[in-house]
There are 2 protein chains.
Amino acid sequence: MIYLNNAATSWPKPPEVYKTADKVLRGLSGGAGRGEGALDVGRVVFEARERIASFFGIRESEKLIFTCNATVGINMVLYGLLAPGDHVVLSSMEHNAVARLLYALKHRKGIEYTVVPCAPDGTLDPLEVERALTPSTKLICLVHASNVSGTIMPIEAVGEIASKHGIEFLVDAAQTAGEIPIDVEACHLTLMAITGHKALMGPPGVGALYIKNPEKITPLICGGTGSRSEELAQPDFVPDKFESGTLNTPGIAALAAGVKFIQKFIQEKEIRNVRQRVQTLTQRLIQGLLKYPEVIVYGPLDPDKRTPAVSINIQGISPGEAAAWLAEKYGIATRPGLHCAPLAHATLGTLSTGTLRLSPGYFNTEEEIDTALYAIGEMIGVLRRGQRL
Amino acid sequence: MIYLNNAATSWPKPPEVYKTADKVLRGLSGGAGRGEGALDVGRVVFEARERIASFFGIRESEKLIFTCNATVGINMVLYGLLAPGDHVVLSSMEHNAVARLLYALKHRKGIEYTVVPCAPDGTLDPLEVERALTPSTKLICLVHASNVSGTIMPIEAVGEIASKHGIEFLVDAAQTAGEIPIDVEACHLTLMAITGHKALMGPPGVGALYIKNPEKITPLICGGTGSRSEELAQPDFVPDKFESGTLNTPGIAALAAGVKFIQKFIQEKEIRNVRQRVQTLTQRLIQGLLKYPEVIVYGPLDPDKRTPAVSINIQGISPGEAAAWLAEKYGIATRPGLHCAPLAHATLGTLSTGTLRLSPGYFNTEEEIDTALYAIGEMIGVLRRGQRL
């Protein structure tokens, strides 16, 4: 199989990720256990938190909250920060993780929001964000890169605007964390939701939320924290304030192993990030696709301005049919559809059709990209001849 | 190590649980992938849902929602069901997963609640529940068994009361699911929160919520579901309505493997449940503890009326000191403290001290129980002689 669906879930994972998940699950003792085979759960979580926090330039690691995915982190922020009448600014490239929740909160709670339109390639003018601010704006919500078109958003510039106006700034970094370097301080992020199972190379079922100003966020999920257990009030200190119930310790440890893998790669190659590795594949893929006049590539064509999530449409065939053909005939895994982002498709002009998304990852090779291009060429050849696939 | 902390997390897990978690994580393809090593994520989740639902007598498996733990399930119910002015009845043995959230919702949202007092051994008179009902009562919330004293609550009788009055009935089955047979129909449960990492023998980070009447519950967590992606409204059908964001597929599959292990054991031994296996250990433990006049055992002494979560206090030594001594000197893992349940400790009269909890599980042996009893005897001997531990 040639796996080109890394924007959904990265696959395969580094061997250390598998090993760590298994080791921690097997060794998990859930308490004060000592001795052979026993692991100190608190220690495992603490070390993972330290490693992942430092990877994003988060100095106070307790402000990094473990969640089960980016969606839950985003929900924790929007429920916990916004009161009736508050206003939110978001881009027209947001995922349903943000868009559906804001739509619900508008109807349920009287939250207002403005969707700032992006260009047809998904790019955002930061000044448009500033123009959309109102005296009631409490939050700017921005995806770091579109999961449909791969377009990278100007989070530094928007972060400066948010900081200047004293507004909370939430970045949905599900598509970028692990691939594009993020320093929360440099980007003026006050909130960042990440997931473990994409470019951070961890397992599904684990994510994290950075909260710079925890006193501003009311905890959504309440319950047992193993701390101040005599009190019915939720603890007011982080991370306990936002971490109720049993954590996914094997997943958290495996996510930290993914981060360690990335850190090691960066150190060994003496580069700033792992991005270069995937960027050459993205460039090769886009250049190859552009040779076919039947193919429309969405988002920026310059790999510097995008992630490897390459959405296309092919004249004469629907994304669903194309994906099925690539899977059955060549064993190539891609993803057709709307990718949970109708706002983005409206922006790109693909709401009625969806797109076929090919997303290379760390473990793909140039040969695999060439095979995918060859397969698409074959498919287009058949279509040109008016034959049935 | 002798592990007697199964009420926190069961350990070890059946080999199939480890194998399944690893296999699904390694094989996970996150999409339409076909071919060698690829797994159909949708199929894995579907099959797990079918198996776990049938284990609890849930006929429409789509009404079983996957969560990351019992706490999140309870939060989904209380946020999604209750409006200002609504009244909830709960017992005085509830965990902070319920108690802290209701306390927060009382202050934030104007939810009212009545705590029905239990006897000093934790037992509940169902008629007291009925007496506490008001015309505004929307929900009865009951832990199936206390995580402190092990006391089993009369969920069938309370279920009948709830059913008679047309009130939603939420059972927190974190401590019992997998050990005590539960049939949601027979018990008149309309809502049930479970976690995977205790008696169901799954990994931490996965749980489930049964929702009999999904139309009554507004979804808490909103976001992408991979369905009706063109719509900003959260889907109104189950399970999608309540399952936003990427699921913990390896954890879900491993939980199903735990359930399969239990089903196989029941079938092979031709018994109704796995409970018998642990019950003899619980009996042995309690009988052994009662030989020491210095030991107070909380909760019912009859193993039929309790789970294996045995809370004690030992005269002359705090639970924390006793746990540390048992761990260091004998490698016995127990758990001291309040166990996230201050209401229960107030009921048992142990709020100021907490308890030392010893909780055997499926994989413990009689020899291990005897060693623990011997160790406690040694400790008491030292204390009797007025020596330092």
# chains A, B, ... in the order shown; residues from 1 in each chain; ligands from 1
$ residues_around --residues "segment 173-183 of chain A" --least-positions-apart "5" --cutoff "7 Å" --atoms "only C-alpha atoms" --output "mmCIF file with C-alpha atoms, in the first residue's frame"
data_model
loop_
_atom_site.group_PDB
_atom_site.id
_atom_site.type_symbol
_atom_site.label_atom_id
_atom_site.label_comp_id
_atom_site.auth_asym_id
_atom_site.auth_seq_id
_atom_site.Cartn_x
_atom_site.Cartn_y
_atom_site.Cartn_z
ATOM 1 C CA ALA A 7 -3.392 14.592 6.883
ATOM 2 C CA PHE A 56 6.426 24.298 21.520
ATOM 3 C CA GLY A 57 8.388 26.776 23.631
ATOM 4 C CA ALA A 70 -7.882 18.641 19.116
ATOM 5 C CA VAL A 143 -6.495 27.168 11.819
ATOM 6 C CA HIS A 144 -2.710 27.060 11.374
ATOM 7 C CA ALA A 145 -3.070 25.328 8.035
ATOM 8 C CA ASN A 147 -6.725 20.436 6.232
ATOM 9 C CA MET A 192 -3.377 26.178 20.955
ATOM 10 C CA ALA A 193 -5.163 22.907 20.271
ATOM 11 C CA ILE A 194 -3.124 20.015 18.893
ATOM 12 C CA THR A 195 -3.711 16.364 18.167
ATOM 13 C CA LYS A 198 -0.940 13.478 12.672
ATOM 14 C CA ALA A 199 2.493 15.094 12.194
ATOM 15 C CA LEU A 200 3.432 14.578 15.845
ATOM 16 C CA ASN A 273 12.338 21.132 11.430
ATOM 17 C CA VAL A 274 11.189 17.944 9.756
ATOM 18 C CA ARG A 275 9.286 19.944 7.190
#
$ residues_around --residues "segment 106-109 of chain B" --least-positions-apart "3" --cutoff "8 Å" --atoms "only C-alpha atoms" --output "VMD selection string"
chain B and resid 83 to 84 102 to 103 112 to 113
$ write_last_selection --atoms "N, CA, C and O atoms" --output "tab-separated table (two decimals), in the first residue's frame"
chain	number	residue	atom	x	y	z
B	83	ALA	N	-31.41	21.77	32.26
B	83	ALA	CA	-31.62	23.21	32.04
B	83	ALA	C	-31.78	23.88	33.40
B	83	ALA	O	-32.05	23.20	34.40
B	84	PRO	N	-31.58	25.21	33.45
B	84	PRO	CA	-31.73	25.91	34.73
B	84	PRO	C	-33.04	25.55	35.42
B	84	PRO	O	-34.10	25.52	34.77
B	102	LEU	N	-21.97	18.50	39.34
B	102	LEU	CA	-23.26	19.04	39.81
B	102	LEU	C	-23.05	20.30	40.64
B	102	LEU	O	-23.81	21.27	40.54
B	103	TYR	N	-22.00	20.29	41.45
B	103	TYR	CA	-21.67	21.47	42.25
B	103	TYR	C	-21.38	22.67	41.33
B	103	TYR	O	-21.86	23.78	41.55
B	112	GLU	N	-30.49	22.35	40.46
B	112	GLU	CA	-30.69	21.99	41.87
B	112	GLU	C	-30.41	20.50	42.04
B	112	GLU	O	-30.62	19.74	41.11
B	113	TYR	N	-29.98	20.12	43.23
B	113	TYR	CA	-29.84	18.68	43.47
B	113	TYR	C	-30.01	18.33	44.94
B	113	TYR	O	-29.81	19.15	45.82
$ closest_residue --among "B:Cys222, B:Leu127, B:Ala97, B:Ile286" --to "Arg306 of chain B" --atoms "only C-alpha atoms"
B:Ile286
$ atom_distance --atom1 "atom CA of His345 of chain A" --atom2 "atom CA of Asp125 of chain A"
18.1 Å
$ atom_distance --atom1 "atom CA of Lys164 of chain B" --atom2 "atom CA of Ile152 of chain B"
22.0 Å
$ select_by_dssp --residues "segment 167-311 of chain B" --states "strand (DSSP E or B)" --output "list in words"
Glu168, Phe169, Leu170, Val171, Asp172, Leu191, Met192, Ala193, Ile194, Thr195, Gly207, Ala208, Leu209, Tyr210, Ile211, Val295, Ile296, Val297, Arg306, Val310 and Ser311 of chain B
$ select_by_dssp --residues "segment 93-319 of chain A" --states "alpha helix (DSSP H)" --output "PyMOL selection string"
chain A and resi 96-109+126-132+155-165+249-269+275-290+319
$ residues_around --residues "Thr190 of chain A" --least-positions-apart "2" --cutoff "6 Å" --atoms "only C-alpha atoms" --output "list in words"
Glu168, Phe169 and Lys212 of chain A
$ closest_residue --among "B:Ser359, B:Asn6, B:Thr365, B:Asn248" --to "chain A" --atoms "only C-alpha atoms"
B:Asn248
$ closest_residue --among "A:Leu351, A:Met93, A:Val148, A:Met153" --to "chain B" --atoms "only C-alpha atoms"
A:Leu351
$ residues_around --residues "Pro293 of chain A" --least-positions-apart "6" --cutoff "10 Å" --atoms "only C-alpha atoms" --output "PDB file with N, CA and C atoms, in the first residue's frame"
ATOM      1  N   ILE A 314     -10.232  16.123 -10.588  1.00  0.00           N
ATOM      2  CA  ILE A 314      -9.856  15.632 -11.912  1.00  0.00           C
ATOM      3  C   ILE A 314     -11.099  15.680 -12.791  1.00  0.00           C
ATOM      4  N   GLN A 315     -10.966  16.387 -13.895  1.00  0.00           N
ATOM      5  CA  GLN A 315     -12.098  16.544 -14.814  1.00  0.00           C
ATOM      6  C   GLN A 315     -12.634  15.188 -15.262  1.00  0.00           C
ATOM      7  N   ILE A 380      -6.328   9.244 -16.061  1.00  0.00           N
ATOM      8  CA  ILE A 380      -6.669  10.323 -16.991  1.00  0.00           C
ATOM      9  C   ILE A 380      -6.639   9.808 -18.432  1.00  0.00           C
TER      10      ILE A 380
END
$ residues_around --residues "Asp302 of chain A" --least-positions-apart "6" --cutoff "10 Å" --atoms "only C-alpha atoms" --output "compact mmCIF listing (two decimals) with all heavy atoms, in the first residue's frame"
# COMPACT_ATOMS: atom_id res chain seq x y z
N THR A 151 -3.16 25.33 2.85
CA THR A 151 -2.75 26.73 2.97
C THR A 151 -2.31 27.08 4.40
O THR A 151 -3.07 26.86 5.34
CB THR A 151 -3.92 27.67 2.59
OG1 THR A 151 -4.54 27.17 1.41
CG2 THR A 151 -3.45 29.10 2.42
N GLN A 279 8.49 18.48 2.32
CA GLN A 279 8.32 19.54 1.33
C GLN A 279 8.76 19.11 -0.08
O GLN A 279 8.10 19.44 -1.07
CB GLN A 279 9.13 20.76 1.76
CG GLN A 279 8.25 21.99 1.95
CD GLN A 279 8.97 23.06 2.74
OE1 GLN A 279 9.95 22.79 3.42
NE2 GLN A 279 8.49 24.28 2.63
N THR A 282 6.05 17.04 -1.51
CA THR A 282 4.90 17.87 -1.87
C THR A 282 5.15 18.56 -3.20
O THR A 282 4.28 18.60 -4.09
CB THR A 282 4.65 18.93 -0.77
OG1 THR A 282 4.62 18.28 0.49
CG2 THR A 282 3.34 19.67 -1.00
N GLN A 283 6.35 19.11 -3.33
CA GLN A 283 6.72 19.79 -4.57
C GLN A 283 6.64 18.83 -5.76
O GLN A 283 6.06 19.14 -6.80
CB GLN A 283 8.15 20.32 -4.44
CG GLN A 283 8.72 20.87 -5.74
CD GLN A 283 9.09 22.33 -5.62
OE1 GLN A 283 9.49 22.79 -4.56
NE2 GLN A 283 8.95 23.07 -6.70
N ILE A 286 2.97 18.07 -6.57
CA ILE A 286 2.25 19.17 -7.22
C ILE A 286 2.75 19.37 -8.66
O ILE A 286 1.96 19.51 -9.60
CB ILE A 286 2.41 20.48 -6.40
CG1 ILE A 286 1.64 20.35 -5.08
CG2 ILE A 286 1.91 21.69 -7.19
CD1 ILE A 286 1.81 21.53 -4.13
N GLN A 287 4.06 19.37 -8.83
CA GLN A 287 4.61 19.55 -10.18
C GLN A 287 4.12 18.46 -11.13
O GLN A 287 3.79 18.73 -12.29
CB GLN A 287 6.15 19.57 -10.14
CG GLN A 287 6.74 20.80 -9.45
CD GLN A 287 6.16 22.11 -9.96
OE1 GLN A 287 6.01 22.31 -11.16
NE2 GLN A 287 5.77 23.00 -9.05
$ closest_residue --among "A:Val77, A:Val115, A:Ala233, A:Val310" --to "chain B" --atoms "only C-alpha atoms"
A:Ala233
$ residues_around --residues "Thr218 of chain A" --least-positions-apart "3" --cutoff "12 Å" --atoms "only C-alpha atoms" --output "PyMOL selection string"
(chain A and resi 75-83+211+213-215+221-222+233-238+241-242) or (chain B and resi 104-105+108)
$ write_last_selection --atoms "N, CA and C atoms" --output "PDB file, in the first residue's frame"
ATOM      1  N   ASN A  75     -13.301  22.645  22.070  1.00  0.00           N
ATOM      2  CA  ASN A  75     -14.541  22.745  22.844  1.00  0.00           C
ATOM      3  C   ASN A  75     -14.279  23.314  24.236  1.00  0.00           C
ATOM      4  N   MET A  76     -13.195  22.871  24.877  1.00  0.00           N
ATOM      5  CA  MET A  76     -12.863  23.362  26.214  1.00  0.00           C
ATOM      6  C   MET A  76     -12.654  24.878  26.205  1.00  0.00           C
ATOM      7  N   VAL A  77     -12.045  25.377  25.144  1.00  0.00           N
ATOM      8  CA  VAL A  77     -11.788  26.815  25.043  1.00  0.00           C
ATOM      9  C   VAL A  77     -13.075  27.594  24.795  1.00  0.00           C
ATOM     10  N   LEU A  78     -13.834  27.182  23.806  1.00  0.00           N
ATOM     11  CA  LEU A  78     -15.005  27.978  23.412  1.00  0.00           C
ATOM     12  C   LEU A  78     -16.090  27.959  24.494  1.00  0.00           C
ATOM     13  N   TYR A  79     -16.313  26.797  25.090  1.00  0.00           N
ATOM     14  CA  TYR A  79     -17.268  26.745  26.206  1.00  0.00           C
ATOM     15  C   TYR A  79     -16.738  27.531  27.412  1.00  0.00           C
ATOM     16  N   GLY A  80     -15.442  27.396  27.666  1.00  0.00           N
ATOM     17  CA  GLY A  80     -14.884  27.919  28.909  1.00  0.00           C
ATOM     18  C   GLY A  80     -14.604  29.408  28.900  1.00  0.00           C
ATOM     19  N   LEU A  81     -14.513  29.979  27.703  1.00  0.00           N
ATOM     20  CA  LEU A  81     -14.119  31.397  27.597  1.00  0.00           C
ATOM     21  C   LEU A  81     -15.293  32.318  27.319  1.00  0.00           C
ATOM     22  N   LEU A  82     -16.258  31.833  26.529  1.00  0.00           N
ATOM     23  CA  LEU A  82     -17.245  32.749  25.952  1.00  0.00           C
ATOM     24  C   LEU A  82     -18.538  32.847  26.759  1.00  0.00           C
ATOM     25  N   ALA A  83     -19.023  34.063  26.907  1.00  0.00           N
ATOM     26  CA  ALA A  83     -20.300  34.331  27.569  1.00  0.00           C
ATOM     27  C   ALA A  83     -21.247  34.924  26.535  1.00  0.00           C
ATOM     28  N   ILE A 211      -2.887  26.490  27.320  1.00  0.00           N
ATOM     29  CA  ILE A 211      -3.704  27.588  27.872  1.00  0.00           C
ATOM     30  C   ILE A 211      -2.762  28.552  28.583  1.00  0.00           C
ATOM     31  N   ASN A 213      -3.456  31.610  29.718  1.00  0.00           N
ATOM     32  CA  ASN A 213      -4.126  32.308  30.815  1.00  0.00           C
ATOM     33  C   ASN A 213      -5.250  31.446  31.398  1.00  0.00           C
ATOM     34  N   PRO A 214      -4.875  30.425  32.175  1.00  0.00           N
ATOM     35  CA  PRO A 214      -5.893  29.469  32.647  1.00  0.00           C
ATOM     36  C   PRO A 214      -6.968  30.108  33.519  1.00  0.00           C
ATOM     37  N   GLU A 215      -6.657  31.248  34.124  1.00  0.00           N
ATOM     38  CA  GLU A 215      -7.664  31.895  34.992  1.00  0.00           C
ATOM     39  C   GLU A 215      -8.831  32.434  34.173  1.00  0.00           C
ATOM     40  N   ILE A 221     -15.024  20.110  31.413  1.00  0.00           N
ATOM     41  CA  ILE A 221     -15.148  18.769  31.999  1.00  0.00           C
ATOM     42  C   ILE A 221     -14.737  18.846  33.475  1.00  0.00           C
ATOM     43  N   CYS A 222     -15.659  18.525  34.374  1.00  0.00           N
ATOM     44  CA  CYS A 222     -15.355  18.521  35.809  1.00  0.00           C
ATOM     45  C   CYS A 222     -15.393  17.092  36.322  1.00  0.00           C
ATOM     46  N   ALA A 233     -15.471  21.694  44.845  1.00  0.00           N
ATOM     47  CA  ALA A 233     -15.108  22.643  43.789  1.00  0.00           C
ATOM     48  C   ALA A 233     -13.962  22.062  42.963  1.00  0.00           C
ATOM     49  N   GLN A 234     -14.045  22.222  41.656  1.00  0.00           N
ATOM     50  CA  GLN A 234     -12.965  21.800  40.759  1.00  0.00           C
ATOM     51  C   GLN A 234     -11.683  22.552  41.165  1.00  0.00           C
ATOM     52  N   PRO A 235     -10.526  21.885  41.218  1.00  0.00           N
ATOM     53  CA  PRO A 235      -9.291  22.606  41.566  1.00  0.00           C
ATOM     54  C   PRO A 235      -9.073  23.795  40.620  1.00  0.00           C
ATOM     55  N   ASP A 236      -8.475  24.878  41.148  1.00  0.00           N
ATOM     56  CA  ASP A 236      -8.284  26.068  40.306  1.00  0.00           C
ATOM     57  C   ASP A 236      -6.867  26.162  39.762  1.00  0.00           C
ATOM     58  N   PHE A 237      -6.074  25.120  39.962  1.00  0.00           N
ATOM     59  CA  PHE A 237      -4.700  25.153  39.446  1.00  0.00           C
ATOM     60  C   PHE A 237      -4.541  24.204  38.271  1.00  0.00           C
ATOM     61  N   VAL A 238      -3.610  24.561  37.376  1.00  0.00           N
ATOM     62  CA  VAL A 238      -3.347  23.704  36.212  1.00  0.00           C
ATOM     63  C   VAL A 238      -2.270  22.682  36.544  1.00  0.00           C
ATOM     64  N   LYS A 241      -7.096  21.568  36.902  1.00  0.00           N
ATOM     65  CA  LYS A 241      -8.342  22.285  36.601  1.00  0.00           C
ATOM     66  C   LYS A 241      -9.026  21.736  35.344  1.00  0.00           C
ATOM     67  N   PHE A 242      -8.208  21.291  34.388  1.00  0.00           N
ATOM     68  CA  PHE A 242      -8.748  20.883  33.086  1.00  0.00           C
ATOM     69  C   PHE A 242      -8.547  19.392  32.777  1.00  0.00           C
TER      70      PHE A 242
ATOM     71  N   ALA B 104     -20.644  22.420  40.260  1.00  0.00           N
ATOM     72  CA  ALA B 104     -20.343  23.486  39.288  1.00  0.00           C
ATOM     73  C   ALA B 104     -21.613  23.936  38.571  1.00  0.00           C
ATOM     74  N   LEU B 105     -22.446  22.980  38.164  1.00  0.00           N
ATOM     75  CA  LEU B 105     -23.652  23.340  37.406  1.00  0.00           C
ATOM     76  C   LEU B 105     -24.675  24.051  38.285  1.00  0.00           C
ATOM     77  N   ARG B 108     -23.172  27.586  38.224  1.00  0.00           N
ATOM     78  CA  ARG B 108     -23.089  28.219  36.910  1.00  0.00           C
ATOM     79  C   ARG B 108     -24.439  28.332  36.215  1.00  0.00           C
TER      80      ARG B 108
END
$ closest_residue --among "B:Cys141, B:Met201, B:Ala8, B:Ala256" --to "chain A" --atoms "only C-alpha atoms"
B:Ala8
$ closest_residue --among "B:His339, B:Lys329, B:Arg357, B:Arg385" --to "His95 of chain B" --atoms "only C-alpha atoms"
B:His339
$ residues_around --residues "Leu124 of chain B" --least-positions-apart "4" --cutoff "8 Å" --atoms "only C-alpha atoms" --output "ChimeraX atom specification"
/B:91,117-119,128,153-154
$ write_last_selection --atoms "all heavy atoms" --output "short mmCIF file (atom, residue, chain, number, x, y, z; two decimals), in the first residue's frame"
data_model
loop_
_atom_site.label_atom_id
_atom_site.label_comp_id
_atom_site.auth_asym_id
_atom_site.auth_seq_id
_atom_site.Cartn_x
_atom_site.Cartn_y
_atom_site.Cartn_z
N SER B 91 -26.95 9.95 45.20
CA SER B 91 -26.71 9.33 46.51
C SER B 91 -25.51 9.98 47.17
O SER B 91 -24.72 10.68 46.53
CB SER B 91 -26.44 7.83 46.34
OG SER B 91 -25.06 7.61 46.08
N PRO B 117 -29.01 10.57 51.67
CA PRO B 117 -28.02 9.96 52.56
C PRO B 117 -28.07 8.44 52.53
O PRO B 117 -29.16 7.84 52.50
CB PRO B 117 -28.38 10.50 53.95
CG PRO B 117 -29.78 10.98 53.85
CD PRO B 117 -30.06 11.30 52.41
N CYS B 118 -26.90 7.83 52.55
CA CYS B 118 -26.80 6.37 52.62
C CYS B 118 -26.44 5.98 54.06
O CYS B 118 -26.00 6.83 54.85
CB CYS B 118 -25.73 5.86 51.66
SG CYS B 118 -26.14 6.19 49.94
N ALA B 119 -26.59 4.71 54.37
CA ALA B 119 -26.21 4.20 55.70
C ALA B 119 -24.68 4.23 55.84
O ALA B 119 -23.98 4.38 54.84
CB ALA B 119 -26.74 2.76 55.84
N GLU B 128 -35.86 6.09 49.78
CA GLU B 128 -35.34 7.43 50.06
C GLU B 128 -35.16 8.22 48.76
O GLU B 128 -35.33 9.45 48.74
CB GLU B 128 -34.00 7.35 50.81
CG GLU B 128 -34.09 6.79 52.21
CD GLU B 128 -34.66 7.80 53.20
OE1 GLU B 128 -34.62 9.01 52.92
OE2 GLU B 128 -35.18 7.35 54.25
N MET B 153 -25.08 -0.68 44.88
CA MET B 153 -26.32 0.08 45.05
C MET B 153 -27.48 -0.64 44.34
O MET B 153 -27.27 -1.34 43.34
CB MET B 153 -26.14 1.47 44.47
CG MET B 153 -24.90 2.19 44.98
SD MET B 153 -24.87 2.33 46.79
CE MET B 153 -25.30 4.04 46.95
N PRO B 154 -28.68 -0.43 44.82
CA PRO B 154 -29.85 -1.14 44.27
C PRO B 154 -30.34 -0.52 42.96
O PRO B 154 -31.39 0.12 42.92
CB PRO B 154 -30.89 -0.99 45.39
CG PRO B 154 -30.54 0.31 46.05
CD PRO B 154 -29.05 0.46 45.93
#
$ atom_distance --atom1 "atom CA of Ile262 of chain B" --atom2 "atom CA of Gly202 of chain B"
10.9 Å
